[in-house]
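To start, the structure itself, in structure tokens.
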Amino acid sequence: MVKAGEIYYDPQYVYPSGNMEDKLLIVLRETNSPNDPVILLPVTTNKGNQHYKDGCNKSKYIFYLRANEDFFVNNTIVQLHILNGITPPSQSNFDKLIIRKSIQYKGKLRAETIYKLIECLQSMEMDIDSDIFRLIFS
């Protein structure tokens with residue numbers, strides 16, 4: 001079972017739009033059974049060095065993490081907009097990916113960081129697909 005804040009590497013992550021990239025993914029909630037959905041958020045490096053405030057940037061649909069303040073060595077953008085349009089895998093399907101080594105565990109966010117990320121998502125309830133929101137906060 002996964003825990004909130006765990007980070008996995010997926011070399012073939014498929015975005016809802018269909019494009020595939022290698023991505024680090026953050027688990028948003030703990031699972032308790034094989035049928036529970038695994039809610040994942042991809043992250044990307046702030047390659048354009050755009051200026052964001054730390055943490056929740058609600059109007060931009062991102063959560064911003066400065067380099068070396070947690071797991072990530074680069075300034076990192078958590079892509080919150082992905083929550084609209086995703087179909088999360090079940091824990092049992094996620095486990096199969098781990099067994100096949102299609103994805104790999106890489107680390108975990110600090111409890112304080114995941115708390116702030118979840119708090120940000122709660123403030124965005126009206127901007128997140130209601131089914132996904134319910135899955136995150138049920």
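Residue numbering restarts at 1 in every chain; chains get A, B, ... in the order shown in the structure tokens, and ligands count up from 1 in that same order.
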
task: Identify, on the basis of only C-alpha atoms, every residue whose closest approach to Ile114 (chain A) does not exceed 12 Å; exclude the query and any residue fewer than 4 positions from it along the same chain; express the result as a VMD selection string.
output: chain A and resid 3 to 7 26 to 30 41 55 to 56 63 to 65 70 to 71 78 108 to 110 118 to 121

message: Considering only strand (DSSP E or B) as DSSP defines it on the backbone, what residues of region 47-92 of chain A qualify? List them as a PyMOL selection string.
response: chain A and resi 55-57+62-65+76-79+90

field: Polymer residues at most 12 Å from Val2 (chain A), only C-alpha atoms, same-chain spacing of 6 or more positions, as an NGL selection string
entry: :A and (8 or 26-34 or 36-40 or 90-92 or 94-95 or 98 or 105 or 107-108)

field: Length of the CA of Asn35 (chain A) to CA of Asp131 (chain A) vector [Å]
entry: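 About the pair CA of Asn35 (chain A) and CA of Asp131 (chain A): they are 15.8 Å apart.
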
message: Counting only C-alpha atoms, which residue out of A:Asn74, A:Tyr61, A:Ser17, A:Asn68 sits closest to Thr44 (chain A)?
response: A:Asn74

- request: Please provide as a PyMOL selection string all residues within 12 Å of Met124 (chain A), with the sequence filter that same-chain residues fewer than 5 positions apart are discarded (counting only C-alpha atoms).
  value: chain A and resi 56-63+80-81+83-84+117-119+129-130+132-133

Atomic distance CA of Ala67 (chain A) - CA of Tyr115 (chain A), expressed in Å with one decimal: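 It comes out at 18.3 Å.
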
field: Nearest candidate to Ser138 (chain A) (options A:Gln50, A:Thr45, A:Ser102, A:Gln122; using only C-alpha atoms)
entry: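 Selected residue with least distance to Ser138 (chain A): A:Gln122.
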
As a compact mmCIF listing (two decimals) with C-alpha atoms, in the first residue's frame, list the residues of region 27-127 of chain A assigned to helix (DSSP H, G or I) by DSSP on the backbone atoms of this structure.
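Just written: selection38.txt:
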```txt
# COMPACT_ATOMS: atom_id res chain seq x y z
CA LYS A 58 -3.81 28.43 -6.87
CA SER A 59 -4.33 30.68 -9.89
CA LYS A 60 -1.56 28.85 -11.80
CA LEU A 80 -2.15 20.29 -9.95
CA HIS A 81 -4.11 20.78 -13.19
CA ILE A 82 -3.55 17.08 -13.94
CA LEU A 83 -6.24 16.19 -11.39
CA GLN A 91 -3.48 -0.12 -5.82
CA SER A 92 -3.34 -3.65 -7.31
CA ASN A 93 -2.52 -2.27 -10.79
CA PHE A 94 0.04 0.10 -9.28
CA ASP A 95 1.64 -2.87 -7.48
CA LYS A 96 1.93 -4.71 -10.81
CA LEU A 97 3.86 -1.75 -12.25
CA ILE A 98 6.24 -1.87 -9.28
CA ILE A 99 6.74 -5.64 -9.61
CA ALA A 111 5.18 15.45 6.42
CA GLU A 112 5.05 19.26 6.53
CA THR A 113 5.33 19.49 2.73
CA ILE A 114 2.59 16.95 2.04
CA TYR A 115 0.37 18.69 4.61
CA LYS A 116 0.81 22.02 2.78
CA LEU A 117 0.16 20.35 -0.59
CA ILE A 118 -3.07 18.76 0.69
CA GLU A 119 -4.10 22.08 2.26
CA CYS A 120 -3.56 23.74 -1.13
CA LEU A 121 -5.76 21.14 -2.84
CA GLN A 122 -8.50 21.64 -0.25
CA SER A 123 -8.53 25.36 -1.09
CA GLU A 125 -12.15 22.30 -4.30
CA MET A 126 -14.13 24.26 -6.90
CA ASP A 127 -11.29 23.86 -9.43
```

task: Take CA of Leu24 (chain A) and CA of His51 (chain A) and report the distance between them in Å, one decimal.
output: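 Distance reported for this atom pair: 21.4 Å.
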